[in-house]
Every structure is written in structure tokens, then in C-alpha cells.
file work-v8.cif (mmCIF, C-alpha atoms and all ligand atoms; chains and numbers go by the auth columns)
data_coords
#
loop_
_atom_site.group_PDB
_atom_site.id
_atom_site.type_symbol
_atom_site.label_atom_id
_atom_site.label_comp_id
_atom_site.label_asym_id
_atom_site.label_seq_id
_atom_site.Cartn_x
_atom_site.Cartn_y
_atom_site.Cartn_z
_atom_site.B_iso_or_equiv
_atom_site.auth_seq_id
_atom_site.auth_asym_id
ATOM 1 C CA LEU A 1 -46.499 -66.047 167.851 0.00 1 A
ATOM 2 C CA GLY A 2 -48.750 -66.189 170.849 0.00 2 A
ATOM 3 C CA ARG A 3 -47.776 -62.970 172.570 0.00 3 A
ATOM 4 C CA LEU A 4 -50.692 -60.727 173.321 0.00 4 A
ATOM 5 C CA VAL A 5 -51.101 -57.940 170.829 0.00 5 A
ATOM 6 C CA PRO A 6 -50.267 -54.580 172.424 0.00 6 A
ATOM 7 C CA LEU A 7 -53.054 -52.034 172.653 0.00 7 A
ATOM 8 C CA ALA A 8 -51.458 -49.800 170.006 0.00 8 A
ATOM 9 C CA LYS A 9 -52.115 -52.545 167.448 0.00 9 A
ATOM 10 C CA VAL A 10 -55.811 -52.534 168.287 0.00 10 A
ATOM 11 C CA GLU A 11 -55.948 -48.814 167.640 0.00 11 A
ATOM 12 C CA ILE A 12 -54.299 -49.392 164.252 0.00 12 A
ATOM 13 C CA LEU A 13 -56.998 -51.974 163.592 0.00 13 A
ATOM 14 C CA THR A 14 -59.878 -49.700 164.360 0.00 14 A
ATOM 15 C CA THR A 15 -58.650 -46.443 162.872 0.00 15 A
ATOM 16 C CA HIS A 16 -56.769 -47.492 159.724 0.00 16 A
ATOM 17 C CA GLY A 17 -56.831 -50.416 157.304 0.00 17 A
ATOM 18 C CA LEU A 18 -56.411 -53.907 158.667 0.00 18 A
ATOM 19 C CA ASP A 19 -52.888 -55.112 159.327 0.00 19 A
ATOM 20 C CA LEU A 20 -53.387 -58.839 158.781 0.00 20 A
ATOM 21 C CA ASP A 21 -49.825 -59.670 159.805 0.00 21 A
ATOM 22 C CA PHE A 22 -50.844 -59.500 163.434 0.00 22 A
ATOM 23 C CA LEU A 23 -53.109 -62.533 162.997 0.00 23 A
ATOM 24 C CA PRO A 24 -51.520 -65.863 164.023 0.00 24 A
ATOM 25 C CA LEU A 25 -52.448 -67.607 160.743 0.00 25 A
ATOM 26 C CA LYS A 26 -49.760 -69.867 159.280 0.00 26 A
ATOM 27 C CA ALA A 27 -51.419 -70.378 155.883 0.00 27 A
ATOM 28 C CA ARG A 28 -52.847 -67.558 153.795 0.00 28 A
ATOM 29 C CA THR A 29 -56.018 -67.950 151.757 0.00 29 A
ATOM 30 C CA SER A 30 -55.332 -68.796 148.107 0.00 30 A
ATOM 31 C CA PRO A 31 -56.401 -66.299 145.400 0.00 31 A
ATOM 32 C CA GLU A 32 -58.454 -69.138 143.891 0.00 32 A
ATOM 33 C CA TRP A 33 -60.811 -68.980 146.886 0.00 33 A
ATOM 34 C CA ALA A 34 -61.805 -65.368 146.136 0.00 34 A
ATOM 35 C CA ALA A 35 -62.568 -66.251 142.505 0.00 35 A
ATOM 36 C CA VAL A 36 -64.813 -69.165 143.551 0.00 36 A
ATOM 37 C CA VAL A 37 -66.649 -66.989 146.100 0.00 37 A
ATOM 38 C CA LEU A 38 -67.255 -64.125 143.659 0.00 38 A
ATOM 39 C CA ALA A 39 -68.502 -66.572 141.004 0.00 39 A
ATOM 40 C CA ASP A 40 -71.336 -67.662 143.327 0.00 40 A
ATOM 41 C CA PHE A 41 -71.776 -64.882 145.837 0.00 41 A
ATOM 42 C CA ASP A 42 -75.345 -65.947 146.690 0.00 42 A
ATOM 43 C CA ALA A 43 -74.056 -69.317 147.916 0.00 43 A
ATOM 44 C CA PHE A 44 -71.306 -67.559 149.864 0.00 44 A
ATOM 45 C CA LEU A 45 -73.826 -65.266 151.598 0.00 45 A
ATOM 46 C CA LEU A 46 -76.028 -68.199 152.608 0.00 46 A
ATOM 47 C CA ASP A 47 -73.032 -70.018 154.101 0.00 47 A
ATOM 48 C CA HIS A 48 -71.800 -66.828 155.756 0.00 48 A
ATOM 49 C CA ALA A 49 -75.159 -66.307 157.486 0.00 49 A
ATOM 50 C CA GLY A 50 -74.873 -69.853 158.862 0.00 50 A
ATOM 51 C CA CYS A 51 -71.365 -69.120 160.186 0.00 51 A
ATOM 52 C CA GLU A 52 -72.540 -66.027 162.051 0.00 52 A
ATOM 53 C CA ARG A 53 -75.452 -67.931 163.560 0.00 53 A
ATOM 54 C CA LYS A 54 -73.112 -70.753 164.612 0.00 54 A
ATOM 55 C CA ALA A 55 -70.652 -68.244 166.124 0.00 55 A
ATOM 56 C CA ALA A 56 -73.475 -66.821 168.267 0.00 56 A
ATOM 57 C CA ALA A 57 -74.571 -70.334 169.277 0.00 57 A
ATOM 58 C CA SER A 58 -70.993 -71.322 170.137 0.00 58 A
ATOM 59 C CA ALA A 59 -70.580 -68.262 172.401 0.00 59 A
ATOM 60 C CA LEU A 60 -73.849 -69.152 174.162 0.00 60 A
ATOM 61 C CA SER A 61 -72.745 -72.762 174.534 0.00 61 A
ATOM 62 C CA LEU A 62 -69.457 -71.659 176.167 0.00 62 A
ATOM 63 C CA LEU A 63 -71.461 -69.336 178.407 0.00 63 A
ATOM 64 C CA SER A 64 -73.774 -72.082 179.596 0.00 64 A
ATOM 65 C CA ARG A 65 -71.020 -74.683 180.052 0.00 65 A
ATOM 66 C CA PHE A 66 -68.698 -72.341 182.007 0.00 66 A
ATOM 67 C CA SER A 67 -71.297 -70.099 183.664 0.00 67 A
ATOM 68 C CA ASP A 68 -69.371 -70.167 186.976 0.00 68 A
ATOM 69 C CA ARG A 69 -66.695 -67.867 185.490 0.00 69 A
ATOM 70 C CA PRO A 70 -67.874 -64.242 185.530 0.00 70 A
ATOM 71 C CA ALA A 71 -65.193 -63.029 183.076 0.00 71 A
ATOM 72 C CA LEU A 72 -66.291 -65.627 180.538 0.00 72 A
ATOM 73 C CA VAL A 73 -70.017 -64.946 180.998 0.00 73 A
ATOM 74 C CA GLU A 74 -69.455 -61.233 180.451 0.00 74 A
ATOM 75 C CA VAL A 75 -67.340 -61.674 177.309 0.00 75 A
ATOM 76 C CA MET A 76 -69.538 -64.394 175.756 0.00 76 A
ATOM 77 C CA THR A 77 -72.677 -62.307 176.275 0.00 77 A
ATOM 78 C CA THR A 78 -71.065 -59.550 174.198 0.00 78 A
ATOM 79 C CA VAL A 79 -69.704 -61.917 171.530 0.00 79 A
ATOM 80 C CA ALA A 80 -73.062 -63.733 171.144 0.00 80 A
ATOM 81 C CA ARG A 81 -74.869 -60.415 170.769 0.00 81 A
ATOM 82 C CA GLU A 82 -72.389 -59.147 168.152 0.00 82 A
ATOM 83 C CA GLU A 83 -72.452 -62.392 166.158 0.00 83 A
ATOM 84 C CA LEU A 84 -76.249 -62.362 166.119 0.00 84 A
ATOM 85 C CA GLU A 85 -76.091 -58.778 164.885 0.00 85 A
ATOM 86 C CA HIS A 86 -73.731 -59.918 162.096 0.00 86 A
ATOM 87 C CA PHE A 87 -76.240 -62.642 161.265 0.00 87 A
ATOM 88 C CA ALA A 88 -79.025 -60.055 161.069 0.00 88 A
ATOM 89 C CA GLN A 89 -76.939 -57.904 158.702 0.00 89 A
ATOM 90 C CA VAL A 90 -76.093 -60.826 156.387 0.00 90 A
ATOM 91 C CA TYR A 91 -79.695 -61.986 156.525 0.00 91 A
ATOM 92 C CA LYS A 92 -80.821 -58.561 155.338 0.00 92 A
ATOM 93 C CA LEU A 93 -78.566 -58.954 152.256 0.00 93 A
ATOM 94 C CA ILE A 94 -79.993 -62.427 151.725 0.00 94 A
ATOM 95 C CA GLN A 95 -83.573 -61.161 151.801 0.00 95 A
ATOM 96 C CA ARG A 96 -82.740 -58.260 149.497 0.00 96 A
ATOM 97 C CA ARG A 97 -81.479 -60.791 146.942 0.00 97 A
ATOM 98 C CA GLY A 98 -84.626 -62.882 147.269 0.00 98 A
ATOM 99 C CA LEU A 99 -82.699 -65.839 148.722 0.00 99 A
ATOM 100 C CA ARG A 100 -83.805 -68.267 151.401 0.00 100 A
ATOM 101 C CA LEU A 101 -81.694 -69.918 154.095 0.00 101 A
ATOM 102 C CA GLY A 102 -81.243 -73.653 153.705 0.00 102 A
ATOM 103 C CA PRO A 103 -79.913 -76.324 156.078 0.00 103 A
ATOM 104 C CA ASP A 104 -76.298 -75.882 157.203 0.00 104 A
ATOM 105 C CA ALA A 105 -73.669 -77.782 155.231 0.00 105 A
ATOM 106 C CA LYS A 106 -71.073 -79.566 157.360 0.00 106 A
ATOM 107 C CA ASP A 107 -67.995 -77.466 157.980 0.00 107 A
ATOM 108 C CA VAL A 108 -64.901 -79.576 157.201 0.00 108 A
ATOM 109 C CA TYR A 109 -62.587 -76.828 158.448 0.00 109 A
ATOM 110 C CA VAL A 110 -64.256 -76.321 161.829 0.00 110 A
ATOM 111 C CA ASN A 111 -64.665 -80.067 162.400 0.00 111 A
ATOM 112 C CA HIS A 112 -60.970 -80.628 161.738 0.00 112 A
ATOM 113 C CA LEU A 113 -59.956 -77.749 164.004 0.00 113 A
ATOM 114 C CA LEU A 114 -62.202 -78.977 166.836 0.00 114 A
ATOM 115 C CA LYS A 115 -60.479 -82.380 166.707 0.00 115 A
ATOM 116 C CA GLY A 116 -57.407 -80.580 168.084 0.00 116 A
ATOM 117 C CA ILE A 117 -59.233 -79.700 171.328 0.00 117 A
ATOM 118 C CA ARG A 118 -57.943 -81.646 174.339 0.00 118 A
ATOM 119 C CA ASN A 119 -60.069 -83.374 176.977 0.00 119 A
ATOM 120 C CA GLY A 120 -60.048 -82.480 180.677 0.00 120 A
ATOM 121 C CA ALA A 121 -62.072 -79.510 181.930 0.00 121 A
ATOM 122 C CA GLU A 122 -59.250 -76.940 182.030 0.00 122 A
ATOM 123 C CA ASP A 123 -57.446 -77.960 178.826 0.00 123 A
ATOM 124 C CA HIS A 124 -60.807 -78.219 177.103 0.00 124 A
ATOM 125 C CA LEU A 125 -61.787 -74.666 178.013 0.00 125 A
ATOM 126 C CA LEU A 126 -58.407 -73.197 177.051 0.00 126 A
ATOM 127 C CA ASP A 127 -58.417 -75.009 173.692 0.00 127 A
ATOM 128 C CA ARG A 128 -61.997 -74.022 172.936 0.00 128 A
ATOM 129 C CA LEU A 129 -61.149 -70.378 173.538 0.00 129 A
ATOM 130 C CA ILE A 130 -58.044 -70.580 171.342 0.00 130 A
ATOM 131 C CA ALA A 131 -59.826 -72.557 168.594 0.00 131 A
ATOM 132 C CA SER A 132 -62.531 -69.866 168.642 0.00 132 A
ATOM 133 C CA ALA A 133 -59.793 -67.220 168.378 0.00 133 A
ATOM 134 C CA PHE A 134 -58.499 -68.968 165.233 0.00 134 A
ATOM 135 C CA ILE A 135 -61.961 -69.197 163.668 0.00 135 A
ATOM 136 C CA GLU A 136 -62.312 -65.443 164.257 0.00 136 A
ATOM 137 C CA ALA A 137 -58.845 -64.773 162.829 0.00 137 A
ATOM 138 C CA ARG A 138 -59.610 -66.829 159.703 0.00 138 A
ATOM 139 C CA SER A 139 -62.966 -65.048 159.250 0.00 139 A
ATOM 140 C CA CYS A 140 -61.179 -61.732 159.549 0.00 140 A
ATOM 141 C CA GLU A 141 -58.648 -62.739 156.878 0.00 141 A
ATOM 142 C CA ARG A 142 -61.283 -64.081 154.478 0.00 142 A
ATOM 143 C CA PHE A 143 -63.665 -61.119 154.898 0.00 143 A
ATOM 144 C CA GLN A 144 -60.726 -58.872 154.129 0.00 144 A
ATOM 145 C CA VAL A 145 -60.057 -60.905 150.946 0.00 145 A
ATOM 146 C CA VAL A 146 -63.736 -60.488 149.948 0.00 146 A
ATOM 147 C CA ALA A 147 -63.518 -56.728 150.596 0.00 147 A
ATOM 148 C CA GLU A 148 -60.397 -56.469 148.438 0.00 148 A
ATOM 149 C CA SER A 149 -61.789 -58.651 145.625 0.00 149 A
ATOM 150 C CA THR A 150 -65.332 -57.356 145.106 0.00 150 A
ATOM 151 C CA THR A 151 -66.186 -54.584 142.672 0.00 151 A
ATOM 152 C CA GLU A 152 -69.352 -53.611 144.583 0.00 152 A
ATOM 153 C CA PRO A 153 -68.689 -50.697 146.983 0.00 153 A
ATOM 154 C CA ASP A 154 -71.489 -51.704 149.407 0.00 154 A
ATOM 155 C CA ILE A 155 -70.163 -55.251 149.681 0.00 155 A
ATOM 156 C CA ARG A 156 -66.600 -53.968 150.084 0.00 156 A
ATOM 157 C CA ASP A 157 -67.567 -51.616 152.952 0.00 157 A
ATOM 158 C CA PHE A 158 -69.684 -54.271 154.660 0.00 158 A
ATOM 159 C CA TYR A 159 -66.925 -56.906 154.603 0.00 159 A
ATOM 160 C CA GLN A 160 -64.265 -54.401 155.636 0.00 160 A
ATOM 161 C CA THR A 161 -66.349 -53.550 158.702 0.00 161 A
ATOM 162 C CA LEU A 162 -66.967 -57.221 159.468 0.00 162 A
ATOM 163 C CA ALA A 163 -63.253 -58.047 159.102 0.00 163 A
ATOM 164 C CA ARG A 164 -62.477 -55.435 161.782 0.00 164 A
ATOM 165 C CA SER A 165 -65.134 -56.832 164.062 0.00 165 A
ATOM 166 C CA GLU A 166 -63.821 -60.414 163.701 0.00 166 A
ATOM 167 C CA ALA A 167 -60.267 -59.184 164.345 0.00 167 A
ATOM 168 C CA GLY A 168 -61.619 -57.681 167.560 0.00 168 A
ATOM 169 C CA HIS A 169 -63.199 -61.024 168.445 0.00 169 A
ATOM 170 C CA TYR A 170 -59.881 -62.792 167.870 0.00 170 A
ATOM 171 C CA LEU A 171 -58.329 -60.473 170.447 0.00 171 A
ATOM 172 C CA VAL A 172 -61.267 -60.883 172.821 0.00 172 A
ATOM 173 C CA PHE A 173 -60.839 -64.689 172.887 0.00 173 A
ATOM 174 C CA VAL A 174 -57.051 -64.552 173.339 0.00 174 A
ATOM 175 C CA ARG A 175 -57.341 -61.960 176.097 0.00 175 A
ATOM 176 C CA LEU A 176 -60.059 -63.918 177.879 0.00 176 A
ATOM 177 C CA ALA A 177 -57.811 -67.007 177.744 0.00 177 A
ATOM 178 C CA ALA A 178 -54.999 -64.930 179.287 0.00 178 A
ATOM 179 C CA ARG A 179 -57.303 -63.845 182.150 0.00 179 A
ATOM 180 C CA LEU A 180 -58.188 -67.455 182.936 0.00 180 A
ATOM 181 C CA PHE A 181 -54.879 -69.290 182.266 0.00 181 A
ATOM 182 C CA PRO A 182 -51.134 -68.676 182.691 0.00 182 A
ATOM 183 C CA GLN A 183 -49.637 -66.903 179.677 0.00 183 A
ATOM 184 C CA THR A 184 -47.249 -69.804 179.012 0.00 184 A
ATOM 185 C CA GLU A 185 -50.240 -72.168 178.641 0.00 185 A
ATOM 186 C CA VAL A 186 -51.997 -69.720 176.330 0.00 186 A
ATOM 187 C CA ASP A 187 -48.864 -69.400 174.189 0.00 187 A
ATOM 188 C CA LYS A 188 -48.510 -73.170 173.950 0.00 188 A
ATOM 189 C CA ALA A 189 -52.155 -73.609 172.933 0.00 189 A
ATOM 190 C CA LEU A 190 -51.803 -70.860 170.302 0.00 190 A
ATOM 191 C CA ALA A 191 -48.691 -72.502 168.862 0.00 191 A
ATOM 192 C CA ARG A 192 -50.240 -75.991 168.788 0.00 192 A
ATOM 193 C CA LEU A 193 -53.594 -74.953 167.339 0.00 193 A
ATOM 194 C CA SER A 194 -51.979 -72.669 164.743 0.00 194 A
ATOM 195 C CA GLU A 195 -50.482 -75.776 163.121 0.00 195 A
ATOM 196 C CA ILE A 196 -53.817 -77.617 163.223 0.00 196 A
ATOM 197 C CA GLU A 197 -55.673 -74.578 161.871 0.00 197 A
ATOM 198 C CA ALA A 198 -53.280 -74.211 158.928 0.00 198 A
ATOM 199 C CA LEU A 199 -53.748 -77.883 158.061 0.00 199 A
ATOM 200 C CA ALA A 200 -57.531 -77.581 158.464 0.00 200 A
ATOM 201 C CA ILE A 201 -57.829 -74.673 156.035 0.00 201 A
ATOM 202 C CA GLN A 202 -55.504 -76.302 153.494 0.00 202 A
ATOM 203 C CA MET A 203 -57.369 -79.618 153.486 0.00 203 A
ATOM 204 C CA THR A 204 -60.801 -77.967 153.119 0.00 204 A
ATOM 205 C CA PRO A 205 -62.004 -78.115 149.504 0.00 205 A
ATOM 206 C CA ILE A 206 -62.450 -74.646 148.010 0.00 206 A
ATOM 207 C CA ARG A 207 -66.113 -73.712 147.576 0.00 207 A
ATOM 208 C CA ALA A 208 -68.265 -70.575 147.678 0.00 208 A
ATOM 209 C CA ALA A 209 -68.311 -70.567 151.478 0.00 209 A
ATOM 210 C CA VAL A 210 -66.479 -68.925 154.379 0.00 210 A
ATOM 211 C CA HIS A 211 -64.535 -72.202 154.822 0.00 211 A
HETATM 212 FE FE FE B . -69.207 -62.427 163.137 0.00 1 B
HETATM 213 FE FE FE B . -66.713 -63.055 165.371 0.00 2 B
#
call {"tool": "encode", "arguments": {"input": "work-v8.cif", "output": "C-alpha cells", "more": "lines below"}}
Ligand SMILES: [Fe+2]
Ligand SMILES: [Fe+2]
result
Amino acid sequence: LGRLVPLAKVEILTTHGLDLDFLPLKARTSPEWAAVVLADFDAFLLDHAGCERKAAASALSLLSRFSDRPALVEVMTTVAREELEHFAQVYKLIQRRGLRLGPDAKDVYVNHLLKGIRNGAEDHLLDRLIASAFIEARSCERFQVVAESTTEPDIRDFYQTLARSEAGHYLVFVRLAARLFPQTEVDKALARLSEIEALAIQMTPIRAAVH
């Protein structure tokens, strides 16, 4: 756990099916979650759109808070743009189904995970990057579950593509952390937050939502 994924793995990710074993997740999503999501896919889509919008906002918030670090500004500009594009794609599905976005529900999972972020400027930045990496990794895993569970080919292809993109984001956050911090610190943060993330996902009640 915590070692950077070699480049060959990334090529596997982008050219073949997803190898989820490379993700640092300690708890796998229960089959029950997929059943709940498929039973109310409209609700899932509305929540998913909110997650993409929040991912874009979170990248912009990191960018503005740490704007003195060129590597971070560059990476967050790309992530924010891609997350907003994901939002636009989910929103298109939402409109096609005649749905309307509502207010965001509170995200028990993310709130629990964010409680694991340490104070102090440097620790705070490292933990925020690694917590973001875990949110991306979990999205990747869950989108892959949706792709494997749905019977609709369009939905399957869409979520397969998104899962790949979120896997890429996981790598982007871990690699950015490794550019800004010693590898030993990155490894320690990955190990610590992997425990918190596993607890967070297990304590989150199952509903038709990304988390
Ligand atoms: Fe996304
Ligand atoms: Fe993402």
C-alpha cells in the first residue's frame, strides 16, 4: 500500500478493463449497494451530479488556497475542468429523464473522511490531497460496480468511462502529493487515511447515492 503505481499499470487502466486491485481501498462495496442504486437510478443520478459538482468545487478550493504552488495550480485546473465536464455529462442524462436537481444531501462518508485531515498547513495539504485521492478511488470502484450491474448498454459504457477517469484522478492526486512531499510522508498518509476511509464507507447507510 502507498507505493506509487508504475506507469505500466496506468496503460493497463486506459487500454483494457479496470484492474481495481491497484486501488488502495480496504473495504469493498457490498452487492447490496448496487441493488439499492439500480432500484432508484434517478435518485442516484441526482446525487452523482452533485458529487461531480462538489469535486470540481473542491479542486478550485485547493487551487485558491494553495495558489503559490505551480504544480498544484496546474493539476487542479485540469481536475476542476474534468469534473465539471463529468457534471455536464450527468446533467445531460438528468435532463433527458425529465429530472431536476435538488439541494445537496449531506455526505456522511465525505464528512467522516474529512475528519481524518490533520491541522497545520503542510499536514493539512498532504491529507487533503490523499483524502481526495481516496474519494476518487471510491468513485472509481463504485462506478465500476454500476457498469457491471446495469442492463442498459449506454449506462454501462458511460460508467465504465467515468470509472477510468476517476482512477486517473486517484493517480493524479497521489502523484501530486509525491511531488510536494517526501514519499515516506505520502505513504504514511495513505496508510492512515485508508483505515479512516474504510470505516467511513462502512458506517455510511446504504442509499441510492454515490456514497
Ligand atoms: Fe468525476
Ligand atoms: Fe474525479
call {"tool": "resolve_selection", "arguments": {"input": "work-v8.cif", "expression": "the PyMOL selection byres (((not hetatm)) within 6 of (chain B and resi 1))", "output": "list in words"}}
result
Glu52, Glu83, His86 and Glu166 of chain A
call {"tool": "residues_near_ligand", "arguments": {"input": "work-v8.cif", "ligand": "ligand FE 2 (chain B)", "cutoff": "10 Å", "atoms": "all atoms listed in the file", "output": "NGL selection string"}}
result
:A and (51-52 or 55-56 or 59 or 79-80 or 82-84 or 86 or 132-133 or 135-140 or 162-170 or 172-173)
call {"tool": "resolve_selection", "arguments": {"input": "work-v8.cif", "expression": "the PyMOL selection byres (((chain A and resi 180-193) around 12) and not hetatm)", "output": "MDAnalysis selection string"}}
result
chainID A and resid 1:4 23:26 66 69:72 112:118 122:135 137 170 173:179 194:200
call {"tool": "write_last_selection", "arguments": {"input": "work-v8.cif", "atoms": "C-alpha atoms", "output": "PDB file, keeping the file's coordinate frame"}}
result
ATOM      1  CA  LEU A   1     -46.499 -66.047 167.851  1.00  0.00           C
ATOM      2  CA  GLY A   2     -48.750 -66.189 170.849  1.00  0.00           C
ATOM      3  CA  ARG A   3     -47.776 -62.970 172.570  1.00  0.00           C
ATOM      4  CA  LEU A   4     -50.692 -60.727 173.321  1.00  0.00           C
ATOM      5  CA  LEU A  23     -53.109 -62.533 162.997  1.00  0.00           C
ATOM      6  CA  PRO A  24     -51.520 -65.863 164.023  1.00  0.00           C
ATOM      7  CA  LEU A  25     -52.448 -67.607 160.743  1.00  0.00           C
ATOM      8  CA  LYS A  26     -49.760 -69.867 159.280  1.00  0.00           C
ATOM      9  CA  PHE A  66     -68.698 -72.341 182.007  1.00  0.00           C
ATOM     10  CA  ARG A  69     -66.695 -67.867 185.490  1.00  0.00           C
ATOM     11  CA  PRO A  70     -67.874 -64.242 185.530  1.00  0.00           C
ATOM     12  CA  ALA A  71     -65.193 -63.029 183.076  1.00  0.00           C
ATOM     13  CA  LEU A  72     -66.291 -65.627 180.538  1.00  0.00           C
ATOM     14  CA  HIS A 112     -60.970 -80.628 161.738  1.00  0.00           C
ATOM     15  CA  LEU A 113     -59.956 -77.749 164.004  1.00  0.00           C
ATOM     16  CA  LEU A 114     -62.202 -78.977 166.836  1.00  0.00           C
ATOM     17  CA  LYS A 115     -60.479 -82.380 166.707  1.00  0.00           C
ATOM     18  CA  GLY A 116     -57.407 -80.580 168.084  1.00  0.00           C
ATOM     19  CA  ILE A 117     -59.233 -79.700 171.328  1.00  0.00           C
ATOM     20  CA  ARG A 118     -57.943 -81.646 174.339  1.00  0.00           C
ATOM     21  CA  GLU A 122     -59.250 -76.940 182.030  1.00  0.00           C
ATOM     22  CA  ASP A 123     -57.446 -77.960 178.826  1.00  0.00           C
ATOM     23  CA  HIS A 124     -60.807 -78.219 177.103  1.00  0.00           C
ATOM     24  CA  LEU A 125     -61.787 -74.666 178.013  1.00  0.00           C
ATOM     25  CA  LEU A 126     -58.407 -73.197 177.051  1.00  0.00           C
ATOM     26  CA  ASP A 127     -58.417 -75.009 173.692  1.00  0.00           C
ATOM     27  CA  ARG A 128     -61.997 -74.022 172.936  1.00  0.00           C
ATOM     28  CA  LEU A 129     -61.149 -70.378 173.538  1.00  0.00           C
ATOM     29  CA  ILE A 130     -58.044 -70.580 171.342  1.00  0.00           C
ATOM     30  CA  ALA A 131     -59.826 -72.557 168.594  1.00  0.00           C
ATOM     31  CA  SER A 132     -62.531 -69.866 168.642  1.00  0.00           C
ATOM     32  CA  ALA A 133     -59.793 -67.220 168.378  1.00  0.00           C
ATOM     33  CA  PHE A 134     -58.499 -68.968 165.233  1.00  0.00           C
ATOM     34  CA  ILE A 135     -61.961 -69.197 163.668  1.00  0.00           C
ATOM     35  CA  ALA A 137     -58.845 -64.773 162.829  1.00  0.00           C
ATOM     36  CA  TYR A 170     -59.881 -62.792 167.870  1.00  0.00           C
ATOM     37  CA  PHE A 173     -60.839 -64.689 172.887  1.00  0.00           C
ATOM     38  CA  VAL A 174     -57.051 -64.552 173.339  1.00  0.00           C
ATOM     39  CA  ARG A 175     -57.341 -61.960 176.097  1.00  0.00           C
ATOM     40  CA  LEU A 176     -60.059 -63.918 177.879  1.00  0.00           C
ATOM     41  CA  ALA A 177     -57.811 -67.007 177.744  1.00  0.00           C
ATOM     42  CA  ALA A 178     -54.999 -64.930 179.287  1.00  0.00           C
ATOM     43  CA  ARG A 179     -57.303 -63.845 182.150  1.00  0.00           C
ATOM     44  CA  SER A 194     -51.979 -72.669 164.743  1.00  0.00           C
ATOM     45  CA  GLU A 195     -50.482 -75.776 163.121  1.00  0.00           C
ATOM     46  CA  ILE A 196     -53.817 -77.617 163.223  1.00  0.00           C
ATOM     47  CA  GLU A 197     -55.673 -74.578 161.871  1.00  0.00           C
ATOM     48  CA  ALA A 198     -53.280 -74.211 158.928  1.00  0.00           C
ATOM     49  CA  LEU A 199     -53.748 -77.883 158.061  1.00  0.00           C
ATOM     50  CA  ALA A 200     -57.531 -77.581 158.464  1.00  0.00           C
TER      51      ALA A 200
END
call {"tool": "resolve_selection", "arguments": {"input": "work-v8.cif", "expression": "the PyMOL selection byres (((chain A and resi 103) around 12) and not hetatm)", "output": "list in words"}}
result
Leu46, Asp47, Ala49, Gly50, Cys51, Arg100, Leu101, Gly102, Asp104, Ala105 and Lys106 of chain A
call {"tool": "write_last_selection", "arguments": {"input": "work-v8.cif", "atoms": "C-alpha atoms", "output": "compact mmCIF listing (two decimals), in the frame of the given file"}}
result
# COMPACT_ATOMS: atom_id res chain seq x y z
CA LEU A 46 -76.03 -68.20 152.61
CA ASP A 47 -73.03 -70.02 154.10
CA ALA A 49 -75.16 -66.31 157.49
CA GLY A 50 -74.87 -69.85 158.86
CA CYS A 51 -71.36 -69.12 160.19
CA ARG A 100 -83.80 -68.27 151.40
CA LEU A 101 -81.69 -69.92 154.10
CA GLY A 102 -81.24 -73.65 153.71
CA ASP A 104 -76.30 -75.88 157.20
CA ALA A 105 -73.67 -77.78 155.23
CA LYS A 106 -71.07 -79.57 157.36
call {"tool": "closest_residue", "arguments": {"input": "work-v8.cif", "among": "A:Val90, A:Ala121, A:Ala43, A:Leu171", "to": "A:Val75", "atoms": "all atoms listed in the file"}}
result
A:Leu171
call {"tool": "residues_around", "arguments": {"input": "work-v8.cif", "residues": "stretch 39-41 of chain A", "least_positions_apart": "3", "cutoff": "10 Å", "atoms": "only C-alpha atoms", "output": "list in words"}}
result
Trp33, Ala34, Ala35, Val36, Phe44, Leu45, Leu46, Asp47, Thr150, Arg207, Ala208 and Ala209 of chain A
call {"tool": "write_last_selection", "arguments": {"input": "work-v8.cif", "atoms": "C-alpha atoms", "output": "PDB file, keeping the file's coordinate frame"}}
result
ATOM      1  CA  TRP A  33     -60.811 -68.980 146.886  1.00  0.00           C
ATOM      2  CA  ALA A  34     -61.805 -65.368 146.136  1.00  0.00           C
ATOM      3  CA  ALA A  35     -62.568 -66.251 142.505  1.00  0.00           C
ATOM      4  CA  VAL A  36     -64.813 -69.165 143.551  1.00  0.00           C
ATOM      5  CA  PHE A  44     -71.306 -67.559 149.864  1.00  0.00           C
ATOM      6  CA  LEU A  45     -73.826 -65.266 151.598  1.00  0.00           C
ATOM      7  CA  LEU A  46     -76.028 -68.199 152.608  1.00  0.00           C
ATOM      8  CA  ASP A  47     -73.032 -70.018 154.101  1.00  0.00           C
ATOM      9  CA  THR A 150     -65.332 -57.356 145.106  1.00  0.00           C
ATOM     10  CA  ARG A 207     -66.113 -73.712 147.576  1.00  0.00           C
ATOM     11  CA  ALA A 208     -68.265 -70.575 147.678  1.00  0.00           C
ATOM     12  CA  ALA A 209     -68.311 -70.567 151.478  1.00  0.00           C
TER      13      ALA A 209
END
call {"tool": "closest_residue", "arguments": {"input": "work-v8.cif", "among": "A:Arg96, A:Leu20, A:Pro31, A:Ser58", "to": "A:Arg81", "atoms": "only C-alpha atoms"}}
result
A:Ser58
call {"tool": "atom_distance", "arguments": {"input": "work-v8.cif", "atom1": "atom CA of A:Lys92", "atom2": "atom CA of A:Asp157"}}
result
15.2 Å
call {"tool": "closest_residue", "arguments": {"input": "work-v8.cif", "among": "A:Leu38, A:Thr77, A:Lys54, A:Leu93", "to": "A:Asp154", "atoms": "only C-alpha atoms"}}
result
A:Leu93
call {"tool": "closest_residue", "arguments": {"input": "work-v8.cif", "among": "A:Asp42, A:Glu141, A:Glu85, A:Glu32", "to": "A:Leu99", "atoms": "all atoms listed in the file"}}
result
A:Asp42
call {"tool": "atom_distance", "arguments": {"input": "work-v8.cif", "atom1": "atom CA of A:His48", "atom2": "atom CA of A:Ile201"}}
result
16.0 Å
call {"tool": "axis_aligned_box", "arguments": {"input": "work-v8.cif", "around": "stretch 134-143 of chain A", "padding_each_side": "3 Å", "output": "lines of an AutoDock Vina configuration file"}}
result
center_x = -61.1
center_y = -65.2
center_z = 159.9
size_x = 11.2
size_y = 14.1
size_z = 16.8
call {"tool": "closest_residue", "arguments": {"input": "work-v8.cif", "among": "A:Tyr159, A:Val210, A:Arg142, A:Ala147", "to": "A:Ala27", "atoms": "all atoms listed in the file"}}
result
A:Arg142
